[in-house]
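Participant: File follows, upload21.pdb with PDB, C-alpha atoms:
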```
ATOM      1  CA  MET A  29     -93.321-127.637 248.674
ATOM      2  CA  ALA A  30     -94.308-125.309 245.822
ATOM      3  CA  LEU A  31     -97.934-124.998 244.812
ATOM      4  CA  ASN A  32     -98.865-125.749 241.209
ATOM      5  CA  LYS A  33    -100.838-122.865 239.743
ATOM      6  CA  THR A  34    -102.926-123.566 236.674
ATOM      7  CA  SER A  35    -102.053-120.080 235.361
ATOM      8  CA  GLU A  36     -98.425-121.219 235.175
ATOM      9  CA  LYS A  37     -98.961-124.768 233.924
ATOM     10  CA  GLY A  38     -96.860-125.542 230.862
ATOM     11  CA  LEU A  39     -94.985-122.223 230.965
ATOM     12  CA  GLN A  40     -91.338-121.396 231.502
ATOM     13  CA  ASP A  41     -90.266-120.262 234.960
ATOM     14  CA  GLY A  42     -91.077-116.614 235.611
ATOM     15  CA  TRP A  43     -94.121-116.553 233.302
ATOM     16  CA  THR A  44     -97.839-116.618 234.094
ATOM     17  CA  ARG A  45    -101.125-116.281 232.226
ATOM     18  CA  ALA A  46    -103.238-113.158 232.647
ATOM     19  CA  THR A  47    -106.381-111.701 231.099
ATOM     20  CA  PHE A  48    -106.567-108.051 230.118
ATOM     21  CA  ILE A  49    -109.155-105.802 228.553
ATOM     22  CA  LEU A  50    -107.823-103.449 225.912
ATOM     23  CA  ARG A  51    -109.010-101.215 223.130
ATOM     24  CA  LYS A  52    -109.892-102.925 219.856
ATOM     25  CA  ASP A  53    -107.634-100.642 217.838
ATOM     26  CA  TYR A  54    -104.666-101.550 220.071
ATOM     27  CA  LEU A  55    -105.331-105.250 219.563
ATOM     28  CA  GLU A  56    -105.465-104.830 215.787
ATOM     29  CA  ARG A  57    -102.196-102.887 215.833
ATOM     30  CA  LEU A  58    -100.580-105.533 218.069
ATOM     31  CA  LYS A  59    -101.682-108.296 215.711
ATOM     32  CA  ALA A  60    -100.436-106.401 212.644
ATOM     33  CA  SER A  61     -97.114-105.636 214.312
ATOM     34  CA  ALA A  62     -96.655-109.270 215.327
ATOM     35  CA  TYR A  63     -97.522-110.450 211.820
ATOM     36  CA  TRP A  64     -95.127-108.127 210.007
ATOM     37  CA  GLU A  65     -92.298-108.702 212.496
ATOM     38  CA  ARG A  66     -92.925-112.477 212.393
ATOM     39  CA  LYS A  67     -93.344-112.612 216.161
ATOM     40  CA  LYS A  68     -95.972-113.966 218.499
ATOM     41  CA  ILE A  69     -98.394-111.451 220.016
ATOM     42  CA  LYS A  70     -97.075-112.290 223.489
ATOM     43  CA  GLU A  71     -93.538-111.427 222.306
ATOM     44  CA  VAL A  72     -94.676-108.014 221.048
ATOM     45  CA  ILE A  73     -96.529-107.338 224.315
ATOM     46  CA  ASP A  74     -93.530-108.482 226.379
ATOM     47  CA  GLU A  75     -91.250-106.186 224.387
ATOM     48  CA  ALA A  76     -93.619-103.203 224.698
ATOM     49  CA  LEU A  77     -94.117-103.674 228.450
ATOM     50  CA  GLY A  78     -90.384-104.131 228.934
ATOM     51  CA  LEU A  79     -89.718-100.791 227.236
ATOM     52  CA  TYR A  80     -92.487 -99.077 229.226
ATOM     53  CA  LEU A  81     -91.285-100.438 232.568
ATOM     54  CA  LYS A  82     -87.572 -99.925 231.907
ATOM     55  CA  GLY A  83     -86.130 -97.693 234.609
ATOM     56  CA  LYS A  84     -89.348 -97.537 236.633
ATOM     57  CA  LYS A  85     -89.152 -98.548 240.255
ATOM     58  CA  PRO A  86     -92.071-100.441 241.735
ATOM     59  CA  ARG A  87     -93.725 -98.541 244.548
ATOM     60  CA  THR A  88     -95.412-100.149 247.469
ATOM     61  CA  LYS A  89     -98.908 -98.991 248.146
ATOM     62  CA  ALA A  90     -99.255 -97.100 251.394
ATOM     63  CA  TYR A  91    -102.570 -97.856 252.994
ATOM     64  CA  ARG A  92    -104.041 -94.997 254.944
ATOM     65  CA  TYR A  93    -107.328 -95.097 256.672
ATOM     66  CA  LYS A  94    -109.176 -91.833 256.907
ATOM     67  CA  GLU A  95    -110.901 -91.190 260.151
ATOM     68  CA  ARG A  96    -114.473 -90.150 259.827
ATOM     69  CA  PRO A  97    -115.180 -86.618 261.011
ATOM     70  CA  TYR A  98    -118.246 -87.903 262.820
ATOM     71  CA  PRO A  99    -117.713 -91.422 264.174
ATOM     72  CA  GLY A 100    -120.656 -93.781 263.832
ATOM     73  CA  ARG A 101    -122.133 -92.230 260.696
TER      74      ARG A 101
END
```
Show the structure stored in the file as structure tokens.
Facilitator:
Amino acid sequence: MALNKTSEKGLQDGWTRATFILRKDYLERLKASAYWERKKIKEVIDEALGLYLKGKKPRTKAYRYKERPYPGR
């Protein structure tokens, strides 16, 4: 049984909601670009991220634990 996530409620398969912090000037440029291209902001962001990520391979994070030079400190 699949769990229902509120971040995915009402969205197409493969989509989720997320919150990001970005520079004000980037947001204004995104809004202007979306307006003039007659697109939604999420479409402009999806397009930009798609271009940025094109050809990049996801890397798995290797966790390494450093040993302390003096145990117990």
Participant: Just the residues within 9 Å of region 46-58 of chain A, please, counting only C-alpha atoms, with nothing from its chain fewer than 3 positions along; format it as a ChimeraX atom specification.
Facilitator: /A:35,61-63,69,72-73
Participant: To one decimal in Å, tell me the separation between CA of Glu71 (chain A) and CA of Asp41 (chain A).
Facilitator: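 Pair CA of Glu71 (chain A) / CA of Asp41 (chain A) returns 15.8 Å.
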Participant: Please compute the CA of Lys84 (chain A)-CA of Lys37 (chain A) distance, one decimal, in Å.
Facilitator: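 Interatomic distance here is 29.0 Å.
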Participant: Work out how far CA of Trp64 (chain A) is from CA of Gln40 (chain A), in Å to one decimal.
Facilitator: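 Separation between CA of Gln40 (chain A) and CA of Trp64 (chain A): 25.5 Å.
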Participant: Applying 12 Å and all atoms listed in the file, which residues near Trp43 (chain A) remain after dropping the ones on its own chain fewer than 4 positions away? List them as a ChimeraX atom specification.
Facilitator: /A:33-39,70,74
